[in-house]
Amino acid sequence: MVDTSSKNSDALSAEDHPEPQVPSAVDNTVPPDYFQGRTPVLVIMGVAGCGKTTMNEHLGNKLGWDMAEADDFHPQANIDKMARGIPLNDEDRWPWLDSIHEWIEDHMRRGVPGTVTCSALKRIYRDRLRMPGVVFIHLSGDYDSIMERLSKRKGHFMKPQMLRSQFDDLEPLGPDEVHLTIDVGLRMAPEIEAEEVIDTLGLQCDVKAHTAQVQAERARQAARQ
(Lines give C-alpha, C1' and ligand atoms only; values in the text may rest on other atoms or scores of the structure.)
Protein backbone atom coordinates (compact mmCIF):
# COMPACT_ATOMS: atom_id res chain seq x y z
CA MET A 1 0.00 0.00 0.00
CA VAL A 2 1.35 3.39 -0.95
CA ASP A 3 1.91 5.81 1.91
CA THR A 4 0.36 9.19 1.06
CA SER A 5 0.78 10.92 4.41
CA SER A 6 3.87 12.93 3.40
CA LYS A 7 2.09 14.39 0.37
CA ASN A 8 -1.13 15.57 1.96
CA SER A 9 -0.21 19.24 2.26
CA ASP A 10 1.13 19.39 -1.30
CA ALA A 11 -2.04 17.82 -2.67
CA LEU A 12 -4.33 20.21 -0.86
CA SER A 13 -2.38 23.38 -1.73
CA ALA A 14 -1.82 22.77 -5.43
CA GLU A 15 -3.36 25.50 -7.57
CA ASP A 16 -4.16 23.21 -10.45
CA HIS A 17 -6.11 19.96 -10.14
CA PRO A 18 -3.68 17.36 -8.78
CA GLU A 19 -4.11 13.69 -9.45
CA PRO A 20 -6.18 12.21 -6.62
CA GLN A 21 -4.47 10.17 -3.95
CA VAL A 22 -5.57 6.86 -2.52
CA PRO A 23 -6.58 7.41 1.12
CA SER A 24 -4.39 4.67 2.52
CA ALA A 25 -5.12 3.82 6.12
CA VAL A 26 -3.19 6.08 8.47
CA ASP A 27 -3.67 3.69 11.37
CA ASN A 28 -4.42 -0.03 11.16
CA THR A 29 -4.49 -2.37 14.16
CA VAL A 30 -6.51 -5.16 12.51
CA PRO A 31 -4.58 -8.48 12.69
CA PRO A 32 -4.24 -10.29 9.34
CA ASP A 33 -6.31 -13.27 10.54
CA TYR A 34 -8.76 -11.27 12.63
CA PHE A 35 -11.91 -12.44 10.81
CA GLN A 36 -10.99 -16.11 10.80
CA GLY A 37 -13.86 -17.96 12.47
CA ARG A 38 -15.65 -14.68 13.24
CA THR A 39 -18.56 -12.75 11.77
CA PRO A 40 -17.32 -9.31 10.68
CA VAL A 41 -19.22 -6.19 11.70
CA LEU A 42 -17.79 -2.80 10.74
CA VAL A 43 -18.66 0.17 12.96
CA ILE A 44 -18.24 3.36 10.91
CA MET A 45 -17.30 6.03 13.45
CA GLY A 46 -16.27 9.67 13.74
CA VAL A 47 -17.66 13.12 14.41
CA ALA A 48 -20.73 14.47 12.66
CA GLY A 49 -20.12 15.38 9.02
CA CYS A 50 -17.17 13.03 8.45
CA GLY A 51 -19.11 10.88 5.96
CA LYS A 52 -20.27 7.91 8.04
CA THR A 53 -23.58 7.41 6.26
CA THR A 54 -22.05 7.61 2.78
CA MET A 55 -19.26 5.19 3.72
CA ASN A 56 -21.83 2.83 5.23
CA GLU A 57 -23.90 2.82 2.04
CA HIS A 58 -20.90 2.18 -0.20
CA LEU A 59 -19.58 -0.64 1.99
CA GLY A 60 -22.97 -2.28 2.43
CA ASN A 61 -23.72 -2.15 -1.29
CA LYS A 62 -20.31 -3.40 -2.38
CA LEU A 63 -20.15 -6.17 0.21
CA GLY A 64 -23.83 -7.12 0.13
CA TRP A 65 -24.03 -6.91 3.93
CA ASP A 66 -26.75 -5.73 6.27
CA MET A 67 -26.60 -2.00 7.00
CA ALA A 68 -27.86 0.07 9.91
CA GLU A 69 -27.78 3.78 10.74
CA ALA A 70 -27.03 5.03 14.25
CA ASP A 71 -29.69 7.73 13.94
CA ASP A 72 -32.36 5.03 13.69
CA PHE A 73 -31.44 3.77 17.17
CA HIS A 74 -31.99 7.14 18.88
CA PRO A 75 -35.17 7.59 20.88
CA GLN A 76 -37.24 10.58 19.80
CA ALA A 77 -36.20 12.50 22.91
CA ASN A 78 -32.56 12.41 21.78
CA ILE A 79 -33.45 13.59 18.28
CA ASP A 80 -35.55 16.43 19.68
CA LYS A 81 -32.70 17.48 21.97
CA MET A 82 -30.13 17.57 19.17
CA ALA A 83 -32.57 19.42 16.91
CA ARG A 84 -32.62 22.18 19.55
CA GLY A 85 -28.83 22.36 19.37
CA ILE A 86 -28.30 20.67 22.75
CA PRO A 87 -25.47 18.08 22.84
CA LEU A 88 -26.35 14.67 24.25
CA ASN A 89 -24.84 13.60 27.55
CA ASP A 90 -23.83 10.12 28.68
CA GLU A 91 -27.23 9.47 30.21
CA ASP A 92 -28.82 10.13 26.81
CA ARG A 93 -26.34 7.95 24.95
CA TRP A 94 -26.34 4.72 26.98
CA PRO A 95 -29.76 3.42 25.83
CA TRP A 96 -28.77 4.31 22.26
CA LEU A 97 -25.46 2.44 22.56
CA ASP A 98 -27.23 -0.53 24.14
CA SER A 99 -29.52 -0.75 21.10
CA ILE A 100 -26.57 -0.71 18.70
CA HIS A 101 -24.81 -3.31 20.84
CA GLU A 102 -27.88 -5.56 20.57
CA TRP A 103 -27.93 -5.14 16.78
CA ILE A 104 -24.27 -6.16 16.55
CA GLU A 105 -24.70 -9.05 18.98
CA ASP A 106 -27.71 -10.35 17.04
CA HIS A 107 -25.74 -10.33 13.79
CA MET A 108 -22.82 -12.11 15.47
CA ARG A 109 -25.17 -14.74 16.87
CA ARG A 110 -26.79 -15.36 13.48
CA GLY A 111 -23.50 -15.22 11.56
CA VAL A 112 -24.68 -12.32 9.40
CA PRO A 113 -22.00 -9.70 8.61
CA GLY A 114 -23.00 -6.05 8.72
CA THR A 115 -22.02 -2.41 8.83
CA VAL A 116 -23.40 0.18 11.23
CA THR A 117 -22.68 3.85 11.82
CA CYS A 118 -22.01 5.21 15.29
CA SER A 119 -20.05 8.26 16.36
CA ALA A 120 -18.42 6.16 19.14
CA LEU A 121 -16.45 9.20 20.28
CA LYS A 122 -15.39 7.99 23.73
CA ARG A 123 -13.55 4.82 24.59
CA ILE A 124 -16.25 3.82 27.08
CA TYR A 125 -18.78 3.98 24.24
CA ARG A 126 -16.60 1.83 22.01
CA ASP A 127 -16.10 -0.61 24.87
CA ARG A 128 -19.88 -1.13 24.86
CA LEU A 129 -19.72 -2.10 21.18
CA ARG A 130 -16.49 -4.07 21.17
CA MET A 131 -16.65 -7.83 20.64
CA PRO A 132 -14.69 -10.34 18.52
CA GLY A 133 -15.32 -9.57 14.87
CA VAL A 134 -15.99 -5.85 15.31
CA VAL A 135 -13.70 -3.36 13.54
CA PHE A 136 -14.02 0.38 14.08
CA ILE A 137 -13.61 2.30 10.81
CA HIS A 138 -12.63 5.80 11.94
CA LEU A 139 -13.18 8.56 9.38
CA SER A 140 -10.74 11.14 10.66
CA GLY A 141 -10.36 14.79 9.67
CA ASP A 142 -9.51 18.17 11.16
CA TYR A 143 -12.12 20.55 12.56
CA ASP A 144 -12.07 23.05 9.69
CA SER A 145 -12.49 20.54 6.87
CA ILE A 146 -15.32 18.71 8.62
CA MET A 147 -17.06 21.94 9.63
CA GLU A 148 -17.01 22.96 5.95
CA ARG A 149 -18.70 19.69 5.00
CA LEU A 150 -21.19 19.78 7.86
CA SER A 151 -22.24 23.37 7.18
CA LYS A 152 -23.35 22.33 3.67
CA ARG A 153 -25.67 19.58 4.90
CA LYS A 154 -29.39 20.25 4.89
CA GLY A 155 -32.27 18.47 6.57
CA HIS A 156 -30.18 16.87 9.33
CA PHE A 157 -30.85 17.43 13.03
CA MET A 158 -27.16 17.80 13.93
CA LYS A 159 -26.34 21.50 14.13
CA PRO A 160 -22.92 22.75 12.89
CA GLN A 161 -22.31 24.58 16.19
CA MET A 162 -22.43 21.22 17.99
CA LEU A 163 -19.35 19.98 16.13
CA ARG A 164 -16.95 21.50 18.66
CA SER A 165 -18.50 19.46 21.45
CA GLN A 166 -17.98 16.32 19.36
CA PHE A 167 -14.29 17.07 18.85
CA ASP A 168 -14.01 17.78 22.58
CA ASP A 169 -15.49 14.33 23.32
CA LEU A 170 -13.48 12.44 20.70
CA GLU A 171 -10.89 10.19 22.32
CA PRO A 172 -8.12 8.67 20.17
CA LEU A 173 -8.40 4.97 19.55
CA GLY A 174 -5.87 2.91 21.43
CA PRO A 175 -3.63 0.20 19.96
CA ASP A 176 -5.75 -2.43 21.74
CA GLU A 177 -8.89 -1.27 19.92
CA VAL A 178 -9.24 -3.10 16.60
CA HIS A 179 -9.60 -0.27 14.12
CA LEU A 180 -8.77 1.21 10.74
CA THR A 181 -8.42 4.98 10.33
CA ILE A 182 -9.01 6.71 6.99
CA ASP A 183 -7.98 10.33 6.46
CA VAL A 184 -11.00 12.07 4.91
CA GLY A 185 -8.91 15.25 4.68
CA LEU A 186 -7.51 13.91 1.41
CA ARG A 187 -10.93 14.74 -0.08
CA MET A 188 -11.18 11.55 -2.06
CA ALA A 189 -14.40 10.25 -3.55
CA PRO A 190 -16.36 8.21 -0.96
CA GLU A 191 -16.24 5.19 -3.27
CA ILE A 192 -12.45 5.24 -3.18
CA GLU A 193 -12.46 5.49 0.62
CA ALA A 194 -14.81 2.51 0.83
CA GLU A 195 -12.73 0.43 -1.55
CA GLU A 196 -9.62 1.18 0.47
CA VAL A 197 -11.37 -0.23 3.54
CA ILE A 198 -12.39 -3.34 1.61
CA ASP A 199 -8.91 -3.87 0.19
CA THR A 200 -7.09 -3.22 3.46
CA LEU A 201 -9.28 -5.64 5.41
CA GLY A 202 -9.12 -8.28 2.66
CA LEU A 203 -12.92 -8.47 2.35
CA GLN A 204 -14.71 -10.08 -0.56
CA CYS A 205 -17.32 -8.28 -2.62
CA ASP A 206 -19.08 -8.55 -5.95
CA VAL A 207 -16.42 -8.12 -8.63
CA LYS A 208 -18.85 -6.02 -10.68
CA ALA A 209 -19.30 -3.62 -7.76
CA HIS A 210 -15.64 -3.34 -6.82
CA THR A 211 -14.17 -1.08 -9.50
CA ALA A 212 -10.62 -0.88 -10.78
CA GLN A 213 -10.43 2.77 -9.70
CA VAL A 214 -8.35 2.11 -6.59
CA GLN A 215 -5.77 0.13 -8.54
CA ALA A 216 -5.58 2.87 -11.15
CA GLU A 217 -5.05 5.54 -8.50
CA ARG A 218 -2.32 3.49 -6.85
CA ALA A 219 -0.56 3.02 -10.18
CA ARG A 220 -0.67 6.74 -10.92
CA GLN A 221 0.60 7.60 -7.47
CA ALA A 222 3.41 5.07 -7.66
CA ALA A 223 4.50 6.59 -10.99
CA ARG A 224 4.97 9.96 -9.27
CA GLN A 225 7.47 8.61 -6.72
# chains A, B, ... in the order shown; residues from 1 in each chain; ligands from 1
>>> select_by_dssp(residues="segment 80-174 of chain A", states="strand (DSSP E or B)", output="list in words")
Gly114, Thr115, Val116, Thr117, Val134, Val135, Phe136, Ile137, His138, Leu139 and Ser140 of chain A
>>> write_last_selection(atoms="N, CA, C and O atoms", output="PDB file, in the first residue's frame")
ATOM      1  N   GLY A 114     -22.278  -7.308   8.879  1.00  0.00           N
ATOM      2  CA  GLY A 114     -23.003  -6.055   8.715  1.00  0.00           C
ATOM      3  C   GLY A 114     -22.115  -4.840   8.915  1.00  0.00           C
ATOM      4  O   GLY A 114     -20.965  -4.949   9.360  1.00  0.00           O
ATOM      5  N   THR A 115     -22.675  -3.689   8.591  1.00  0.00           N
ATOM      6  CA  THR A 115     -22.019  -2.406   8.828  1.00  0.00           C
ATOM      7  C   THR A 115     -23.015  -1.499   9.529  1.00  0.00           C
ATOM      8  O   THR A 115     -24.206  -1.511   9.216  1.00  0.00           O
ATOM      9  N   VAL A 116     -22.528  -0.719  10.482  1.00  0.00           N
ATOM     10  CA  VAL A 116     -23.402   0.176  11.228  1.00  0.00           C
ATOM     11  C   VAL A 116     -22.640   1.453  11.559  1.00  0.00           C
ATOM     12  O   VAL A 116     -21.442   1.407  11.870  1.00  0.00           O
ATOM     13  N   THR A 117     -23.306   2.586  11.454  1.00  0.00           N
ATOM     14  CA  THR A 117     -22.679   3.847  11.825  1.00  0.00           C
ATOM     15  C   THR A 117     -22.892   4.112  13.306  1.00  0.00           C
ATOM     16  O   THR A 117     -23.888   3.709  13.889  1.00  0.00           O
ATOM     17  N   VAL A 134     -15.703  -7.258  15.533  1.00  0.00           N
ATOM     18  CA  VAL A 134     -15.985  -5.846  15.308  1.00  0.00           C
ATOM     19  C   VAL A 134     -14.704  -5.109  14.939  1.00  0.00           C
ATOM     20  O   VAL A 134     -13.659  -5.297  15.561  1.00  0.00           O
ATOM     21  N   VAL A 135     -14.788  -4.263  13.909  1.00  0.00           N
ATOM     22  CA  VAL A 135     -13.700  -3.356  13.542  1.00  0.00           C
ATOM     23  C   VAL A 135     -14.279  -1.949  13.485  1.00  0.00           C
ATOM     24  O   VAL A 135     -15.306  -1.716  12.841  1.00  0.00           O
ATOM     25  N   PHE A 136     -13.627  -1.023  14.154  1.00  0.00           N
ATOM     26  CA  PHE A 136     -14.021   0.381  14.077  1.00  0.00           C
ATOM     27  C   PHE A 136     -13.335   1.011  12.860  1.00  0.00           C
ATOM     28  O   PHE A 136     -12.111   0.969  12.750  1.00  0.00           O
ATOM     29  N   ILE A 137     -14.139   1.577  11.958  1.00  0.00           N
ATOM     30  CA  ILE A 137     -13.611   2.299  10.808  1.00  0.00           C
ATOM     31  C   ILE A 137     -13.737   3.781  11.130  1.00  0.00           C
ATOM     32  O   ILE A 137     -14.823   4.359  11.075  1.00  0.00           O
ATOM     33  N   HIS A 138     -12.610   4.402  11.505  1.00  0.00           N
ATOM     34  CA  HIS A 138     -12.628   5.798  11.943  1.00  0.00           C
ATOM     35  C   HIS A 138     -12.358   6.723  10.761  1.00  0.00           C
ATOM     36  O   HIS A 138     -11.283   6.685  10.159  1.00  0.00           O
ATOM     37  N   LEU A 139     -13.343   7.549  10.423  1.00  0.00           N
ATOM     38  CA  LEU A 139     -13.178   8.558   9.382  1.00  0.00           C
ATOM     39  C   LEU A 139     -12.682   9.828  10.061  1.00  0.00           C
ATOM     40  O   LEU A 139     -13.443  10.529  10.726  1.00  0.00           O
ATOM     41  N   SER A 140     -11.408  10.091   9.901  1.00  0.00           N
ATOM     42  CA  SER A 140     -10.740  11.145  10.659  1.00  0.00           C
ATOM     43  C   SER A 140     -10.466  12.370   9.789  1.00  0.00           C
ATOM     44  O   SER A 140     -10.083  12.247   8.620  1.00  0.00           O
TER      45      SER A 140
END
>>> atom_distance(atom1="atom CA of His107 of chain A", atom2="atom CA of Asp169 of chain A")
28.4 Å
>>> closest_residue(among="A:Ile100, A:Ala209, A:Ala120, A:Ile198", to="Ile44 of chain A", atoms="only C-alpha atoms")
A:Ala120
>>> atom_distance(atom1="atom CA of Val26 of chain A", atom2="atom CA of Cys118 of chain A")
20.0 Å
